Structures are given as C-alpha cells and as structure tokens.
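Colleague: Data file target_32.txt (compact mmCIF, C-alpha atoms) is appended below.
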# COMPACT_ATOMS: atom_id res chain seq x y z
CA MET S 22 89.95 62.29 108.54
CA THR S 23 91.86 62.46 105.26
CA ASP S 24 91.17 59.60 102.84
CA TYR S 25 93.90 59.00 100.26
CA GLN S 26 92.21 56.83 97.67
CA ASP S 27 95.29 55.63 95.75
CA ARG S 28 95.42 51.99 96.81
CA THR S 29 96.44 50.30 93.59
CA ALA S 30 98.89 48.06 95.43
CA SER S 31 96.17 46.48 97.54
CA ARG S 32 95.62 42.77 97.05
CA GLY S 33 91.92 43.02 97.92
CA THR S 34 89.13 44.50 95.84
CA ALA S 35 86.09 46.50 96.85
CA SER S 36 83.77 43.65 95.79
CA GLU S 37 85.34 41.07 98.13
CA PRO S 38 83.83 40.35 101.58
CA LEU S 39 85.40 42.27 104.44
CA ALA S 40 87.85 40.65 106.82
CA ALA S 41 87.16 43.28 109.48
CA GLU S 42 84.62 46.03 109.93
CA LEU S 43 84.57 48.52 112.81
CA THR S 44 81.70 51.02 112.76
CA GLY S 45 81.40 53.98 115.13
CA VAL S 46 83.49 52.27 117.81
CA VAL S 47 83.85 54.18 121.08
CA LYS S 48 85.71 53.09 124.22
CA ARG S 49 85.97 55.12 127.41
CA PHE S 50 88.00 54.51 130.56
CA GLU S 51 88.07 56.04 134.02
CA ASN S 52 91.38 57.05 135.59
CA ALA S 53 92.36 56.88 139.26
CA LYS S 54 90.84 60.33 139.87
CA GLY S 55 87.48 59.21 138.54
CA GLU S 56 87.89 61.25 135.36
CA VAL S 57 86.50 59.68 132.18
CA PHE S 58 88.58 59.83 129.00
CA THR S 59 87.87 58.50 125.54
CA ALA S 60 90.52 56.12 124.18
CA VAL S 61 88.69 55.28 120.95
CA ASP S 62 86.43 57.97 119.53
CA GLY S 63 84.04 56.89 116.78
CA LEU S 64 86.52 54.67 114.93
CA ASP S 65 85.40 53.56 111.47
CA LEU S 66 87.63 51.03 109.71
CA ARG S 67 87.07 48.44 107.00
CA ILE S 68 89.75 45.94 105.97
CA ARG S 69 89.34 43.84 102.84
CA ARG S 70 90.50 40.24 102.67
CA GLY S 71 94.10 39.92 101.57
CA GLU S 72 95.09 43.47 102.53
CA VAL S 73 98.25 44.24 104.49
CA VAL S 74 97.40 47.25 106.66
CA ALA S 75 99.79 49.28 108.82
CA PHE S 76 98.03 50.81 111.83
CA LEU S 77 100.02 53.85 112.95
CA GLY S 78 99.64 56.50 115.61
CA PRO S 79 101.55 58.31 118.37
CA ASN S 80 101.64 56.95 121.92
CA GLY S 81 98.19 57.24 123.45
CA ALA S 82 96.47 57.34 120.04
CA GLY S 83 94.25 54.36 120.85
CA LYS S 84 96.02 51.74 118.72
CA THR S 85 96.31 49.01 121.36
CA THR S 86 92.77 49.59 122.66
CA SER S 87 91.46 49.38 119.08
CA ILE S 88 93.34 46.11 118.55
CA ASP S 89 91.97 44.70 121.84
CA ILE S 90 88.45 45.58 120.67
CA LEU S 91 89.09 44.02 117.27
CA LEU S 92 90.18 40.77 118.93
CA GLY S 93 87.26 40.71 121.36
CA LEU S 94 89.52 41.25 124.38
CA THR S 95 87.68 44.48 125.22
CA ARG S 96 84.08 45.36 124.48
CA PRO S 97 83.31 48.78 123.01
CA ASP S 98 80.96 51.14 124.81
CA GLU S 99 79.42 52.05 121.46
CA GLY S 100 79.61 50.79 117.89
CA GLU S 101 79.92 47.42 116.22
CA VAL S 102 82.82 45.10 115.34
CA ARG S 103 82.60 42.25 112.82
CA LEU S 104 85.29 39.82 111.70
CA PHE S 105 84.45 37.80 108.59
CA GLY S 106 80.82 38.75 109.15
CA THR S 107 80.62 37.47 112.73
CA ASP S 108 81.53 38.71 116.20
CA PRO S 109 85.24 38.76 117.18
CA GLU S 110 84.96 36.08 119.88
CA ARG S 111 83.47 33.57 117.45
CA ALA S 112 86.06 34.33 114.75
CA VAL S 113 88.93 33.91 117.23
CA ARG S 114 87.51 30.64 118.62
CA ALA S 115 87.23 29.31 115.08
CA GLY S 116 90.94 29.96 114.54
CA ARG S 117 90.31 32.43 111.73
CA VAL S 118 92.05 35.24 113.63
CA ALA S 119 95.35 35.11 115.51
CA ALA S 120 97.47 37.78 117.13
CA VAL S 121 101.00 38.64 118.19
CA LEU S 122 100.66 41.05 121.11
CA GLN S 123 103.31 43.03 122.93
CA SER S 124 103.26 41.10 126.19
CA GLY S 125 101.60 38.34 128.18
CA GLY S 126 100.31 34.97 127.09
CA LEU S 127 103.45 32.95 127.91
CA LEU S 128 104.24 30.64 130.84
CA PRO S 129 107.79 31.40 131.98
CA ASP S 130 108.64 27.92 133.32
CA LEU S 131 107.79 26.02 130.13
CA THR S 132 110.27 25.49 127.33
CA VAL S 133 109.69 27.00 123.92
CA GLU S 134 108.82 23.61 122.41
CA ALA S 135 106.49 22.66 125.27
CA THR S 136 104.67 25.98 124.86
CA VAL S 137 104.15 25.47 121.14
CA ARG S 138 103.06 21.85 121.48
CA MET S 139 100.67 22.63 124.33
CA LEU S 140 98.90 25.30 122.26
CA ALA S 141 99.04 23.11 119.14
CA SER S 142 96.92 20.51 120.95
CA LEU S 143 94.06 23.01 120.87
CA HIS S 144 94.15 23.25 117.07
CA PRO S 145 93.52 19.97 115.21
CA GLY S 146 95.85 19.66 112.25
CA ALA S 147 98.38 22.18 113.58
CA ASP S 148 102.03 21.52 112.69
CA PRO S 149 104.18 22.71 115.63
CA GLU S 150 107.49 21.89 113.94
CA ARG S 151 106.61 23.91 110.85
CA CYS S 152 105.40 26.86 112.94
CA MET S 153 108.58 26.88 115.06
CA HIS S 154 110.68 26.77 111.89
CA ARG S 155 108.78 29.61 110.22
CA ALA S 156 109.03 31.76 113.35
CA GLY S 157 112.76 31.05 113.72
CA VAL S 158 112.58 29.47 117.18
CA THR S 159 113.56 25.89 116.34
CA GLU S 160 117.02 26.34 117.87
CA LEU S 161 115.38 27.68 121.05
CA ARG S 162 113.15 24.63 121.56
CA ASP S 163 114.82 23.53 124.84
CA ARG S 164 115.13 27.03 126.31
CA ARG S 165 112.78 28.10 129.10
CA VAL S 166 110.55 30.99 128.13
CA ALA S 167 111.84 33.02 131.08
CA ALA S 168 115.37 32.75 129.65
CA CYS S 169 114.33 34.10 126.24
CA SER S 170 114.99 37.70 125.31
CA GLY S 171 112.14 40.06 124.48
CA GLY S 172 112.69 39.57 120.76
CA GLU S 173 112.81 35.77 121.13
CA GLN S 174 109.54 35.83 123.05
CA GLN S 175 107.97 37.83 120.23
CA ARG S 176 109.11 35.18 117.75
CA LEU S 177 107.58 32.52 120.01
CA ARG S 178 104.28 34.44 120.02
CA PHE S 179 104.45 34.49 116.24
CA ALA S 180 104.88 30.69 116.18
CA LEU S 181 101.80 30.36 118.39
CA ALA S 182 99.81 32.69 116.12
CA LEU S 183 100.60 30.49 113.10
CA LEU S 184 99.26 27.28 114.68
CA PRO S 185 95.59 27.66 113.65
CA LYS S 186 96.57 28.72 110.10
CA PRO S 187 94.62 31.98 110.49
CA ASP S 188 92.95 33.98 107.74
CA PHE S 189 93.70 37.21 109.61
CA LEU S 190 96.93 38.03 111.48
CA VAL S 191 96.87 40.97 113.91
CA LEU S 192 100.33 42.11 115.00
CA ASP S 193 100.85 44.68 117.77
CA GLU S 194 104.46 45.93 117.70
CA PRO S 195 105.53 42.46 116.51
CA THR S 196 109.23 43.19 116.03
CA ALA S 197 109.78 45.01 119.34
CA GLY S 198 113.04 43.75 120.83
CA MET S 199 114.14 41.90 117.67
CA ASP S 200 117.53 42.50 116.12
CA VAL S 201 117.93 43.41 112.46
CA VAL S 202 118.28 39.81 111.24
CA ALA S 203 115.28 38.60 113.25
CA ARG S 204 113.16 41.49 111.94
CA ARG S 205 114.13 40.64 108.36
CA ASP S 206 113.26 36.96 108.82
CA PHE S 207 110.00 37.82 110.57
CA TRP S 208 108.77 40.01 107.72
CA ALA S 209 109.85 37.42 105.16
CA ALA S 210 107.55 34.92 106.90
CA VAL S 211 104.70 37.45 107.06
CA ARG S 212 105.15 38.19 103.34
CA GLU S 213 104.75 34.47 102.60
CA ASP S 214 101.42 34.43 104.44
CA ALA S 215 100.26 37.62 102.73
CA ALA S 216 101.16 36.18 99.33
CA ARG S 217 98.81 33.28 100.09
CA GLY S 218 95.97 35.70 100.80
CA THR S 219 96.20 36.08 104.57
CA THR S 220 94.95 39.46 105.79
CA VAL S 221 97.53 41.23 107.95
CA MET S 222 97.10 44.25 110.20
CA PHE S 223 100.10 45.48 112.15
CA ALA S 224 100.87 48.34 114.53
CA THR S 225 104.47 49.49 114.59
CA HIS S 226 106.73 52.38 115.53
CA TYR S 227 109.13 51.44 112.72
CA MET S 228 107.95 53.63 109.84
CA GLU S 229 110.16 51.81 107.35
CA GLU S 230 108.20 48.61 108.09
CA ALA S 231 104.95 50.34 107.20
CA ASP S 232 106.53 51.82 104.08
CA GLN S 233 107.99 48.53 102.86
CA PHE S 234 105.32 45.97 103.76
CA ALA S 235 101.91 47.67 103.89
CA ASP S 236 99.45 47.95 101.00
CA ARG S 237 97.62 50.53 103.03
CA VAL S 238 98.45 52.85 105.92
CA VAL S 239 95.84 53.90 108.49
CA MET S 240 96.89 56.68 110.86
CA VAL S 241 94.97 57.30 114.09
CA ASP S 242 95.19 60.02 116.68
CA LYS S 243 93.07 60.45 119.81
CA GLY S 244 91.14 57.32 118.90
CA ALA S 245 90.00 58.43 115.43
CA VAL S 246 91.32 57.83 111.90
CA VAL S 247 93.14 60.92 110.58
CA ALA S 248 94.57 59.45 107.33
CA ASP S 249 93.91 56.35 105.26
CA GLY S 250 95.60 55.31 102.01
CA SER S 251 98.73 53.86 100.44
CA ALA S 252 102.07 54.98 101.87
CA SER S 253 102.98 56.68 98.59
CA SER S 254 99.71 58.63 98.42
CA ILE S 255 100.08 59.83 102.01
CA ARG S 256 103.66 60.94 101.39
CA ALA S 257 102.62 62.72 98.18
CA ALA S 258 99.84 64.60 99.98
CA ILE S 259 102.39 66.31 102.22
CA SER S 260 103.93 68.93 99.96
CA GLY S 261 107.63 69.64 99.78
CA ARG S 262 110.88 67.73 99.85
CA THR S 263 113.82 67.26 102.16
CA VAL S 264 117.20 68.61 101.06
CA SER S 265 120.33 67.60 102.98
CA ALA S 266 123.97 68.58 102.65
CA LEU S 267 127.32 68.78 104.35
CA ILE S 268 127.48 72.49 105.15
CA SER S 269 128.94 74.76 107.82
CA PRO S 270 126.59 76.01 110.55
CA TYR S 271 127.05 79.61 109.35
CA GLU S 272 126.14 78.81 105.73
CA ALA S 273 123.30 76.55 106.89
CA GLU S 274 121.83 79.50 108.76
CA LEU S 275 122.03 81.62 105.61
CA ALA S 276 120.47 78.90 103.46
CA ALA S 277 117.66 78.48 105.97
CA ARG S 278 116.52 82.02 105.12
CA THR S 279 115.63 80.92 101.57
CA PRO S 280 111.90 81.41 100.93
CA GLY S 281 110.06 78.13 101.30
CA VAL S 282 112.38 76.59 103.90
CA ARG S 283 110.15 75.45 106.77
CA ALA S 284 112.58 73.88 109.21
CA THR S 285 116.16 72.69 109.60
CA SER S 286 117.74 69.97 111.68
CA VAL S 287 121.20 68.49 112.12
CA ARG S 288 121.77 64.72 112.22
CA GLY S 289 125.38 63.72 112.51
CA GLU S 290 127.39 65.79 110.03
CA ARG S 291 124.45 66.52 107.69
CA THR S 292 122.02 69.42 107.82
CA TYR S 293 118.46 68.71 106.68
CA PHE S 294 116.15 71.36 105.24
CA SER S 295 112.40 70.77 105.00
CA CYS S 296 111.17 73.00 102.22
CA ALA S 297 108.26 73.70 99.90
CA ASP S 298 110.51 74.83 97.01
CA SER S 299 113.54 72.57 96.75
CA ASP S 300 114.70 74.19 93.47
CA ALA S 301 115.10 77.60 95.11
CA LEU S 302 117.10 76.10 97.97
CA LEU S 303 119.31 74.11 95.57
CA ARG S 304 120.19 77.30 93.69
CA VAL S 305 121.31 78.87 96.96
CA LEU S 306 123.26 75.83 98.14
CA VAL S 307 125.06 75.31 94.83
CA GLY S 308 125.57 78.93 93.83
CA GLU S 309 126.10 80.73 97.12
CA THR S 310 127.59 78.24 99.57
CA ARG S 311 130.29 75.60 99.72
CA ALA S 312 127.79 72.83 100.52
CA ARG S 313 128.90 69.31 99.56
CA GLU S 314 127.09 66.01 98.93
CA VAL S 315 123.75 67.70 98.40
CA GLU S 316 120.82 65.25 98.32
CA VAL S 317 117.12 65.75 97.58
CA ALA S 318 114.50 63.27 98.77
CA PRO S 319 110.70 63.20 98.91
CA ARG S 320 109.08 63.55 102.30
CA SER S 321 109.35 60.32 104.27
CA LEU S 322 106.39 58.47 105.73
CA GLU S 323 107.64 59.50 109.19
CA GLU S 324 107.55 63.18 108.19
CA ALA S 325 104.05 62.73 106.74
CA PHE S 326 102.99 60.98 109.96
CA LEU S 327 104.27 63.85 112.10
CA ALA S 328 102.69 66.50 109.86
CA ILE S 329 99.29 64.78 109.76
CA THR S 330 99.09 64.15 113.52
CA GLU S 331 100.26 67.70 114.30
CA ASN S 332 97.62 69.10 111.92
CA ALA S 333 94.96 66.92 113.54
CA ARG S 334 95.89 68.20 116.98
CA ALA S 335 95.88 71.80 115.78
CA ASP S 336 92.42 71.27 114.31
CA ARG S 337 91.14 69.81 117.60
CA GLU S 338 92.56 72.73 119.59
CA ALA S 339 91.05 75.26 117.20
CA ARG S 340 87.67 73.51 117.37
CA ALA S 341 87.81 73.44 121.18
CA ASP S 342 88.61 77.18 121.23
CA ARG S 343 85.66 77.92 118.94
CA GLU S 344 83.31 75.85 121.08
CA ALA S 345 84.52 77.52 124.28
CA ARG S 346 84.09 80.96 122.69
CA ALA S 347 80.57 80.07 121.54
CA VAL S 348 79.66 78.97 125.07
CA ARG S 349 80.98 82.23 126.55
CA GLU S 350 79.13 84.32 124.00
CA ALA S 351 75.88 82.42 124.59
CA ARG S 352 75.88 83.18 128.31
CA PRO S 353 73.57 86.06 129.27
CA ALA S 354 75.37 89.16 130.40
CA THR S 355 75.38 89.69 134.16
CA PRO S 356 73.50 92.91 134.91
CA ALA S 357 75.42 95.58 136.74
CA PRO S 358 74.39 96.04 140.39
CA VAL S 359 71.93 98.88 140.96
CA LYS S 360 73.01 101.45 143.50
CA GLU S 361 70.31 102.53 145.92
CA ASN S 362 69.97 106.21 146.76
CA ALA S 363 70.83 107.04 150.33
Please rewrite the model in this file as structure tokens.
Modeller:
Amino acid sequence: MTDYQDRTASRGTASEPLAAELTGVVKRFENAKGEVFTAVDGLDLRIRRGEVVAFLGPNGAGKTTSIDILLGLTRPDEGEVRLFGTDPERAVRAGRVAAVLQSGGLLPDLTVEATVRMLASLHPGADPERCMHRAGVTELRDRRVAACSGGEQQRLRFALALLPKPDFLVLDEPTAGMDVVARRDFWAAVREDAARGTTVMFATHYMEEADQFADRVVMVDKGAVVADGSASSIRAAISGRTVSALISPYEAELAARTPGVRATSVRGERTYFSCADSDALLRVLVGETRAREVEVAPRSLEEAFLAITENARADREARADREARAVREARPATPAPVKENA
C-alpha cells in the first residue's frame, strides 16, 4: 500500500477521536462451485471525525463488502470494526451513522412523503419536511416510489439518511442515475453537512467527484488499500503529464516516437499523449508538426487510479510467480528409474 501523507486539506486532526477504525478486516465468500475467495483482505482504515473520504476501486475491489462491514450489515471473518469507539450495530441504532446504498430499502407502493414520514417516526426530533427539501424530493412527495427513476430513488434514500442527523454519512455510489443538476444539488447538500463537521465516506465511479469533494482518497484493489492520501498528492506521485493536440494521424504517429511518450489515445478530434517528458514532446509538436490547440495537463486522478491499480495487480502477479517458483524449487527431485540387468 502506498501512503501519500499530504493531507493538509483534511478537516480532522490526528489528535481527534476516530469516526471509524477497521483493523485487519478479512471477509471470505464461497461461490456456487464451492470455491472460497477473499473479498476483503486485511483491510486497515482509519477515518478521523470531520473528514470527507472518497473510497475508490475497480469493480470487484471489495468496496461494497467493506461498506457493508462498516455498517454492520456483514460480519468480518477476521479483524475488528469500531465506529465512534463502539461496534457498528450500536452506532447505527443510535442514529450516529446513516447510509445511502445503491439499492433496496424502499417500499414501492408507498409515496415518497409516506416513506420519509414513516422512517421519521423512528427518530425523535426528525424533521421530514427539512430532509425532503435538502434532498430535493419535495416536489415528488405524492409520487409512488415505484414510479420514481433510479436517480430520484437515490435522492429519497439521501432524505432518509438525513433523518437521524447523523455524525457519519456513508454513501455507496450515491449519484448513480442522477442527472447533472441533481448531482450538483446533491453534493451541495453534502458539502453543507461536511462544513458542520459531519464525517463523510463515499464510493463513486465518478473520479471528478472524488477530486472535487474529498479531503482524502483511499484506493482499494482486491480487498486491500493500495493508496491513501489527498487527491493532489496521489496525482503528483504518478510522474508525467498529458499532452493533447489536434493533429493528423500520420504526424501523431511520428510524435508518438518521441522519447518519453508512454501511450497515445484518440478522443473525438484530439490525440492525447501520456508522457514522462512533456517538454521534449512539445518541441516536436511545435517545431516538427502542424499540430494545433496544443494543451498540457497534469495527470488526472483517473489516470493515477488506473496506474496504481495496474501496478498493484502486476505486483501481485509477480509475487505469485515467485511463490510458485519457490514451491517448485523446494520439491525434491524425482529419482530416475533404475534399469535392471536382464
């Protein structure tokens, strides 16, 4: 795991009590063939109060299982989980932790308002009107849940999560299915909670959300943390820049031969060059081609994410090869059969 220590943007401090602490967490499952696989593999994670943490990873990385364990929905096979110093079930029952999950938890035949008011009755002092307003579902109050779109149902789940006035919000793909305006309004509401000191942890496939809203980015792969730090420090740790230009395919092929160019791709009319030495490539583009609208940008968080997870997989494969080779070499040689004289 790579730990990027630059977290100056974090609202929490090292001396404050932890909102969440996962230590050596392991979770295994058995598939239909009876084969056991490890979804979470020794996960260690500590979240300070007031932090906004993006929890990123490719499909199958163990994000959702980790979140289920954090919320007490699944028990780990090994390790310990603490929320505000107590077990997850107790913290959730006390209303200190609330979640917006990807699916489930809604009754299709109830209206939006009936759903919110029913759940509000479980939380003394809850303000259903305020929560519907903040989640942007006030105009949907008379609509049956079954008639709501996927994005509208996510906003309804957010309204339900706000009812207990939680100290810790856990969001699993919260903006899935939302349009651009709904996503903007959702994150504006989350920012208001974070500004008041609410701890927020969110999993998302939208890298720009992690870049814009997170104090800290935690990347996981195969159930283990592979990078942890601010978005800027993670981007900075991946050397090189991206150069893009409007350029003919023939000249792009020539420019791609510049030392330090790692890869090229075409998106729309622009050609993108991933390179270690952007100055060398710029000299070629400006001096030896007819490239137009040349732009230079630092590596994006998405590029850093891909590089880090690919490196982690390469490391695992290399380690597996070494272990397999060691096993083969440790086996005693099979003696050659002895021929008997006739």
Colleague: Smallest atom-to-atom distance to Ser295 in chain S: which of S:Val307, S:Leu275, S:Ile259, S:Ala215, using only C-alpha atoms?
Modeller: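 Smallest distance to Ser295 in chain S is found for S:Ile259.
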Colleague: Counting only C-alpha atoms, figure out which residue out of S:Ala318, S:Ile68, S:Val158, S:Leu327 gets nearest to Thr263 in chain S.
Modeller: S:Ala318
Colleague: Which is closer to Val46 in chain S than all the others in S:Ala351, S:Gln233, S:Lys186, S:Ala245, using only C-alpha atoms?
Modeller: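 Using only C-alpha atoms, the shortest distance to Val46 in chain S belongs to S:Ala245.
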Colleague: So that all listed atoms of range 106-110 of chain S fit with 3 Å spare on each side, what axis-aligned box centre and edge lengths in Å, to one decimal, would you give as JSON?
Modeller:
{"center_x": 82.9, "center_y": 37.4, "center_z": 114.5, "size_x": 10.6, "size_y": 8.7, "size_z": 16.7}
Colleague: Give me the residues near Tyr293 in chain S as a list in words, where near means some atom within 10 Å (using only C-alpha atoms) and where sequence neighbours in that chain fewer than 6 positions away do not count.
Modeller: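 Close residues of Tyr293 in chain S: Thr263, Val264, Ser265, Ala266, Leu267, Ile268, Ala273, Ala277, Ala284, Thr285, Ser286, Val287, Val315, Glu316 and Val317 of chain S.
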Colleague: Mind pulling up the distance from CA of Gly106 in chain S to CA of Ala40 in chain S?
Modeller: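 Interatomic distance, CA of Ala40 in chain S to CA of Gly106 in chain S: 7.6 Å.
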Colleague: If we count only C-alpha atoms, what is near Thr220 in chain S at a cut-off of 8 Å, once residues fewer than 5 positions away on the same chain are taken out, given as a list in words?
Modeller: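 That gives Ala40, Arg69, Arg70, Gly71, Glu72, Val73, Asp188, Phe189, Leu190 and Ala215 of chain S.
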Colleague: Find the residue from S:Ala210, S:Leu143, S:Ile329, S:Ala197 that sits nearest to Met240 in chain S; use all atoms listed in the file when measuring.
Modeller: S:Ile329
Colleague: One decimal, in Å: what's the spacing between CA of Met222 in chain S and CA of Glu99 in chain S?
Modeller: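 Spanning CA of Met222 in chain S to CA of Glu99 in chain S is a straight-line distance of 22.4 Å.
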Colleague: To one decimal in Å, tell me the separation between CA of Ser269 in chain S and CA of Ala312 in chain S.
Modeller: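 So the answer is 7.6 Å.
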Colleague: Which residue, S:Leu104, S:Ala60, S:Ser299, S:Gly116, has the smallest gap to Asn80 in chain S when you use only C-alpha atoms?
Modeller: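 Looking only at the distances to Asn80 in chain S, the closest residue turns out to be S:Ala60.
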Colleague: Need the neighbours of (113.2, 27.5, 131.1): which residues are at most 12 Å away, counting all atoms listed in the file, as a list in words?
Modeller: Leu127, Leu128, Pro129, Asp130, Leu131, Thr132, Val133, Glu134, Ala135, Thr136, Leu161, Arg162, Asp163, Arg164, Arg165, Val166, Ala167, Ala168, Cys169 and Ser170 of chain S
Colleague: Just checking: using only C-alpha atoms, which residue out of S:Thr196, S:Arg262, S:Val238, S:Thr107 ends up closest to Pro38 in chain S?
Modeller: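 When distances to Pro38 in chain S are compared using only C-alpha atoms, the smallest one comes from S:Thr107.
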Colleague: Need to verify the contact set: Met199 in chain S, 10 Å, only C-alpha atoms, exclusion of same-chain residues closer than 6 positions in sequence. Can you return it as a ChimeraX atom specification?
Modeller: /S:170-176,205,207
Colleague: Would you list the residues near (81.9, 46.6, 121.4) (no more than 12 Å away, in the coordinates of the file, using all atoms listed in the file) as a PyMOL selection string?
Modeller: chain S and resi 42-49+61+63-64+86-103+108-110
Colleague: Fewer than 5 positions away in the same chain doesn't count, so skip those; otherwise give me all residues within 7 Å of Ala75 in chain S, counting all atoms listed in the file, as a ChimeraX atom specification.
Modeller: /S:222-224,231,235,237-239
